[in-house]
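S.K.: Before anything else, here's the structure in question.
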Amino acid sequence: MRTIDFSPLYRSVVGFDRLADLLDNAAADGATGYPPYNIERTDENAYRVEIAVAGFRPEELSIEVKENLLTVTGRKAANDEPRRFLHRGLAERNFERKFQLADYVLVTEAALADGLLSIALKRELPEALKPRRVEIAVGQPASLIEGEKAA
């Protein structure tokens with residue numbers, strides 16, 4: 001398997017360390033592949049992450065968001081009963097899957113159904129960052145500032 005070395009990026013860019021870290025982490029995450037997942041855009045500002053977690057109960061899963069990093073962890077409880085498998089194809093191993101979230105993306109809900117963990121995400125821009133319409137006044141000079149009187 002190929003690995004990509006991003007260290008030249010660290011030497012040649014200043015202030016873009018986060019971008020280089022994201023590329024580095026994305027390359028490392030691609031190696032595991034477990035558990036499989038989908039990322040779906042459900043609306044202009046809404047997304048859904050679906051992770052295949054067959055065999056996990058809700059109490060064995062945890063979802064945490066910290067500093068734009070969504071971390072989904074699955075820890076299987078110890079099963080003490082002896083079982084003899086003729087074929088074991090269902091992976092029930094512990095996992096940790098991380099997703100880097102863009103600024104202002106929030107987790108709104110999570111649900112577990114039919115072996116799929118669905119996590120709903122929504123981008124909510126603060127009012128100050130949303131585009132706003134500026135009305136054009138007719139018949140007033142542009143230099144007139146509120147509170148000033150014309151001479």
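Ligands are numbered from 1 in the order shown, chains are lettered A, B, ... in the order of the structure tokens, and residues start at 1 in each chain.
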Using only C-alpha atoms, which protein or nucleic acid residues come within 10 Å of Leu116 in chain A? Drop anything in the same chain fewer than 2 positions from it, and give the result as a PyMOL selection string.
M.R.: chain A and resi 37+49-56+111-114+118-119
S.K.: Could you please write out, as a ChimeraX atom specification, every residue of range 70-104 of chain A that DSSP assigns to strand (DSSP E)?
M.R.: /A:70-74,95-100
S.K.: Write out as a PyMOL selection string which residues come within 8 Å of range 92-107 of chain A when counting only C-alpha atoms, dropping same-chain ones fewer than 6 positions away.
M.R.: chain A and resi 22+34-35+54-56+65+68-76+119-126
S.K.: Go ahead and write the selection's residues with N, CA and C atoms as a PDB file, in the first residue's frame.
M.R.:
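Just written: out_3.pdb:
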ATOM      1  N   LEU A  22      -4.752  17.906   8.234  1.00  0.00           N
ATOM      2  CA  LEU A  22      -5.967  17.273   7.721  1.00  0.00           C
ATOM      3  C   LEU A  22      -5.633  16.276   6.616  1.00  0.00           C
ATOM      4  N   TYR A  34     -12.540   0.211   8.706  1.00  0.00           N
ATOM      5  CA  TYR A  34     -13.550  -0.369   9.577  1.00  0.00           C
ATOM      6  C   TYR A  34     -13.944   0.641  10.624  1.00  0.00           C
ATOM      7  N   PRO A  35     -15.182   0.815  10.861  1.00  0.00           N
ATOM      8  CA  PRO A  35     -16.335   0.278  10.141  1.00  0.00           C
ATOM      9  C   PRO A  35     -16.627   1.100   8.893  1.00  0.00           C
ATOM     10  N   ALA A  54     -23.188  -3.036  12.970  1.00  0.00           N
ATOM     11  CA  ALA A  54     -23.961  -4.237  13.265  1.00  0.00           C
ATOM     12  C   ALA A  54     -23.375  -4.950  14.474  1.00  0.00           C
ATOM     13  N   GLY A  55     -24.257  -5.351  15.388  1.00  0.00           N
ATOM     14  CA  GLY A  55     -23.828  -6.076  16.576  1.00  0.00           C
ATOM     15  C   GLY A  55     -23.520  -5.196  17.773  1.00  0.00           C
ATOM     16  N   PHE A  56     -23.496  -3.870  17.591  1.00  0.00           N
ATOM     17  CA  PHE A  56     -23.236  -2.959  18.704  1.00  0.00           C
ATOM     18  C   PHE A  56     -24.558  -2.473  19.291  1.00  0.00           C
ATOM     19  N   VAL A  65     -17.972  15.373  20.211  1.00  0.00           N
ATOM     20  CA  VAL A  65     -17.530  16.455  19.335  1.00  0.00           C
ATOM     21  C   VAL A  65     -16.669  17.382  20.169  1.00  0.00           C
ATOM     22  N   ASN A  68     -14.241  20.844  16.511  1.00  0.00           N
ATOM     23  CA  ASN A  68     -14.513  20.493  15.113  1.00  0.00           C
ATOM     24  C   ASN A  68     -14.087  19.071  14.741  1.00  0.00           C
ATOM     25  N   LEU A  69     -13.936  18.206  15.732  1.00  0.00           N
ATOM     26  CA  LEU A  69     -13.585  16.815  15.459  1.00  0.00           C
ATOM     27  C   LEU A  69     -14.684  15.922  16.026  1.00  0.00           C
ATOM     28  N   LEU A  70     -15.370  15.217  15.134  1.00  0.00           N
ATOM     29  CA  LEU A  70     -16.407  14.265  15.527  1.00  0.00           C
ATOM     30  C   LEU A  70     -15.750  12.905  15.680  1.00  0.00           C
ATOM     31  N   THR A  71     -15.872  12.319  16.870  1.00  0.00           N
ATOM     32  CA  THR A  71     -15.267  11.022  17.141  1.00  0.00           C
ATOM     33  C   THR A  71     -16.363  10.040  17.522  1.00  0.00           C
ATOM     34  N   VAL A  72     -16.451   8.942  16.790  1.00  0.00           N
ATOM     35  CA  VAL A  72     -17.405   7.878  17.085  1.00  0.00           C
ATOM     36  C   VAL A  72     -16.591   6.669  17.530  1.00  0.00           C
ATOM     37  N   THR A  73     -16.931   6.172  18.712  1.00  0.00           N
ATOM     38  CA  THR A  73     -16.186   5.066  19.301  1.00  0.00           C
ATOM     39  C   THR A  73     -17.128   3.917  19.602  1.00  0.00           C
ATOM     40  N   GLY A  74     -16.687   2.715  19.315  1.00  0.00           N
ATOM     41  CA  GLY A  74     -17.442   1.506  19.649  1.00  0.00           C
ATOM     42  C   GLY A  74     -16.571   0.591  20.485  1.00  0.00           C
ATOM     43  N   ARG A  75     -17.065   0.220  21.653  1.00  0.00           N
ATOM     44  CA  ARG A  75     -16.340  -0.688  22.560  1.00  0.00           C
ATOM     45  C   ARG A  75     -17.261  -1.851  22.896  1.00  0.00           C
ATOM     46  N   LYS A  76     -16.929  -3.025  22.398  1.00  0.00           N
ATOM     47  CA  LYS A  76     -17.741  -4.211  22.660  1.00  0.00           C
ATOM     48  C   LYS A  76     -17.519  -4.677  24.089  1.00  0.00           C
ATOM     49  N   ILE A 119     -25.884   9.923  12.088  1.00  0.00           N
ATOM     50  CA  ILE A 119     -25.568  11.155  12.804  1.00  0.00           C
ATOM     51  C   ILE A 119     -25.917  12.317  11.887  1.00  0.00           C
ATOM     52  N   ALA A 120     -26.855  13.157  12.338  1.00  0.00           N
ATOM     53  CA  ALA A 120     -27.287  14.307  11.541  1.00  0.00           C
ATOM     54  C   ALA A 120     -26.426  15.513  11.896  1.00  0.00           C
ATOM     55  N   LEU A 121     -25.972  16.208  10.861  1.00  0.00           N
ATOM     56  CA  LEU A 121     -25.130  17.388  11.030  1.00  0.00           C
ATOM     57  C   LEU A 121     -25.782  18.561  10.319  1.00  0.00           C
ATOM     58  N   LYS A 122     -25.580  19.756  10.862  1.00  0.00           N
ATOM     59  CA  LYS A 122     -26.145  20.944  10.237  1.00  0.00           C
ATOM     60  C   LYS A 122     -25.155  22.089  10.381  1.00  0.00           C
ATOM     61  N   ARG A 123     -24.965  22.815   9.276  1.00  0.00           N
ATOM     62  CA  ARG A 123     -24.100  23.997   9.315  1.00  0.00           C
ATOM     63  C   ARG A 123     -24.971  25.193   9.661  1.00  0.00           C
ATOM     64  N   GLU A 124     -24.642  25.861  10.759  1.00  0.00           N
ATOM     65  CA  GLU A 124     -25.390  27.030  11.215  1.00  0.00           C
ATOM     66  C   GLU A 124     -24.433  28.202  11.347  1.00  0.00           C
ATOM     67  N   LEU A 125     -24.484  29.085  10.368  1.00  0.00           N
ATOM     68  CA  LEU A 125     -23.636  30.273  10.394  1.00  0.00           C
ATOM     69  C   LEU A 125     -24.178  31.270  11.402  1.00  0.00           C
ATOM     70  N   PRO A 126     -23.302  31.928  12.170  1.00  0.00           N
ATOM     71  CA  PRO A 126     -23.757  32.987  13.055  1.00  0.00           C
ATOM     72  C   PRO A 126     -24.334  34.147  12.234  1.00  0.00           C
TER      73      PRO A 126
END
S.K.: For each of A:Ala91, A:Leu86, A:Leu117, A:Ala77, take the minimum atom-to-atom distance to Ile39 in chain A, counting only C-alpha atoms, then give the residue where this is smallest.
M.R.: A:Leu117
S.K.: What is the distance, in Å and to one decimal place, between CA of Ala110 in chain A and CA of Tyr47 in chain A?
M.R.: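 Taking CA of Ala110 in chain A and CA of Tyr47 in chain A, their separation equals 12.0 Å.
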